[in-house]
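J.: Here it is, the structure in full.
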Amino acid sequence: MKAVEVENLYFKYDKEWVLENINFSLEDKEFMAIIGPNGGGKTTLLKLILGFLKPTKGEIKIYGKSPKENRTIIGYVPQHTNFALDLPITVFDIVLQGRLKKGKFFYSKEDKEKALNILENLKIKHLKDKKIKDLSGGQRQKVLIARALVSEPKLLIMDEPTSAIDPSGQKEILDLIESFDITRIIVSHDIKILLRNVDKIAYIHKKAVIHEGPKLNIPKDKHFCEIELIDFLKEEECGI
């Protein structure tokens with residue numbers, strides 16, 4: 001069974017088509033990067049996969065079911081800049097939110113144990129009692145990732161997870177995402193995502209061009225930045 005299937009997908013706001021004839025699929029535990037210009041439809045595509053929007057035409061399946069039917073197995077990490085930093089809420093409280101489900105109003109002992117475990121796994125347990133407003137950008141993003149992972153999703157969807165984070169924090173977040181053993185979809189403007197072991201890349205600008213991830217075989221501790229990547233890609237043919 002495919003982890004994600006998008007078939008003949010169309011979507012429009014009012015009379016304007018935002019996405020046209022989008023087709024791709026992901027196997028279980030594959031890693032996809034979605035890139036493209038502002039206004040090209042990337043965030044709309046995420047909302048469709050999450051089930052927040054309904055396709056005008058076409059179909060999306062998450063592990064064989066509609067996004068709405070399988071919403072409980074999808075973890076979502078929004079841009080941290082959209083988070084209300086003025087809320088008087090602790091890191092532990094935020095992560096626990098990931099255990100809430102429809103009709104559930106109280107946290108169990110198991111919920112609290114799982115929240116502590118994910119904080120420890122992401123090496124931010126020491127921040128448990130900190131207020132979200134007192135954290136750095138990278139720390140906040142780790143907290144939002146922890147909230148998404150504590151529900152034990154099979155699919156993790158991330159929208160610009162490294163935006164407004166310093167370079168060292170960006171590397172740390174990308175290292176973390178690359179290590180996850182689940183299906184992942186990440187929207188990013190940062191070309192450094194292509195330096196990661198992504199299995200597929202979707203270039204979205206109303207329509208989609210799907211690429212296999214470049215096999216760069218970068219040795220550990222060897223310098224390889226965007227300049228080398230551009231030189232590498234010059235040798236590859238693009239279907240755009």
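Residue numbers start at 1 in each chain; chains themselves are named A, B, ... in the order of the structure tokens; ligands are numbered from 1 in the order shown.
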Taking a cut-off of 7 Å and counting only C-alpha atoms, can you build a table that, for each residue of stretch 136-161 of chain A near stretch 174-186 of chain A, reports the nearest atom pair and how far apart they are in Å (one decimal), sorted by chain then residue number, as a Markdown table?
T.:
| residue | atom | partner | partner_atom | distance |
| --- | --- | --- | --- | --- |
| A:Lys154 | CA | A:Ile182 | CA | 5.7 |
| A:Leu155 | CA | A:Thr183 | CA | 4.8 |
| A:Leu156 | CA | A:Arg184 | CA | 4.8 |
| A:Ile157 | CA | A:Ile185 | CA | 4.8 |
| A:Met158 | CA | A:Ile186 | CA | 4.7 |
| A:Asp159 | CA | A:Ile186 | CA | 6.0 |
J.: Tell me, which residues of stretch 40-195 of chain A carry DSSP alpha helix (DSSP H), written as number ranges by chain?
T.: A: 42-50, 91-96, 109-121, 137-149, 167-179
J.: Dump as CSV the rows for residues of stretch 38-104 of chain A within 6 Å of stretch 113-136 of chain A: closest atom pair and distance in Å with one decimal, only C-alpha atoms counted, ordered by chain and rising residue number.
T.:
residue,atom,partner,partner_atom,distance
A:Leu85,CA,A:Lys133,CA,5.1
A:Ile89,CA,A:Lys131,CA,5.6
A:Thr90,CA,A:Lys131,CA,4.4
A:Val91,CA,A:Lys128,CA,5.1
A:Phe92,CA,A:Lys128,CA,5.0
A:Leu96,CA,A:Ala115,CA,5.9
J.: May I ask for the distance between atom CA of A:Lys109 and atom CA of A:Arg147, given in Å to one decimal place?
T.: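 Here the two named atoms are 16.6 Å from each other.
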J.: Pick the closest to A:Leu195 from A:Leu45, A:Ala33, A:Ile165, A:Val18: which is it, counting only C-alpha atoms?
T.: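 Among the listed residues, A:Ala33 lies closest to A:Leu195.
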J.: Go ahead and compute the interatomic distance for atom CA of A:Ile73 and atom CA of A:Ile201, in Å to one decimal.
T.: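 A separation of 22.5 Å between them.
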J.: Would you please give, as number ranges by chain, all residues of stretch 13-119 of chain A that DSSP assigns to strand (DSSP E or B) based on the backbone?
T.: A: 13, 16-26, 31-35, 57-62, 65, 74-77, 90
J.: Quick one: residues within 9 Å of A:Gly64, only C-alpha atoms counted, chain neighbours fewer than 4 positions away excluded, as an mmCIF file with N, CA and C atoms, in the first residue's frame?
T.:
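See out.cif below for the written result:
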data_model
loop_
_atom_site.group_PDB
_atom_site.id
_atom_site.type_symbol
_atom_site.label_atom_id
_atom_site.label_comp_id
_atom_site.auth_asym_id
_atom_site.auth_seq_id
_atom_site.Cartn_x
_atom_site.Cartn_y
_atom_site.Cartn_z
ATOM 1 N N MET A 1 0.833 -1.201 0.000
ATOM 2 C CA MET A 1 0.000 0.000 0.000
ATOM 3 C C MET A 1 0.871 1.256 0.000
ATOM 4 N N LYS A 2 0.541 2.204 -0.856
ATOM 5 C CA LYS A 2 1.276 3.464 -0.921
ATOM 6 C C LYS A 2 1.003 4.300 0.325
ATOM 7 N N ALA A 3 2.020 5.032 0.757
ATOM 8 C CA ALA A 3 1.824 5.949 1.876
ATOM 9 C C ALA A 3 0.985 7.142 1.440
ATOM 10 N N VAL A 4 1.299 7.706 0.282
ATOM 11 C CA VAL A 4 0.577 8.863 -0.254
ATOM 12 C C VAL A 4 0.333 8.631 -1.742
ATOM 13 N N GLU A 5 -0.909 8.868 -2.176
ATOM 14 C CA GLU A 5 -1.253 8.808 -3.598
ATOM 15 C C GLU A 5 -2.036 10.068 -3.962
ATOM 16 N N ILE A 60 -6.923 12.133 -3.305
ATOM 17 C CA ILE A 60 -5.745 11.966 -2.450
ATOM 18 C C ILE A 60 -6.034 10.831 -1.486
ATOM 19 N N ASN A 70 -7.983 9.398 7.673
ATOM 20 C CA ASN A 70 -6.709 8.980 8.273
ATOM 21 C C ASN A 70 -5.971 10.136 8.938
#
J.: Would you pick out the contacts of A:Asn38 at 10 Å or less, using only C-alpha atoms, so that residues sharing its chain but fewer than 2 positions from it are not included, and give the list as a list in words?
T.: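 After dropping sequence-adjacent residues, the list is Ile35, Gly36, Gly40, Gly41, Lys42, Thr43, His189, Ile204 and His205 of chain A.
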J.: Could you state the separation of atom CA of A:Glu160 and atom CA of A:Gln141 in Å, given to one decimal place?
T.: 10.1 Å
J.: Near stretch 93-95 of chain A, within 8 Å and counting only C-alpha atoms, which residues show up once chain neighbours fewer than 6 positions away are dropped, as a PyMOL selection string?
T.: chain A and resi 115+143-144+146-148+150
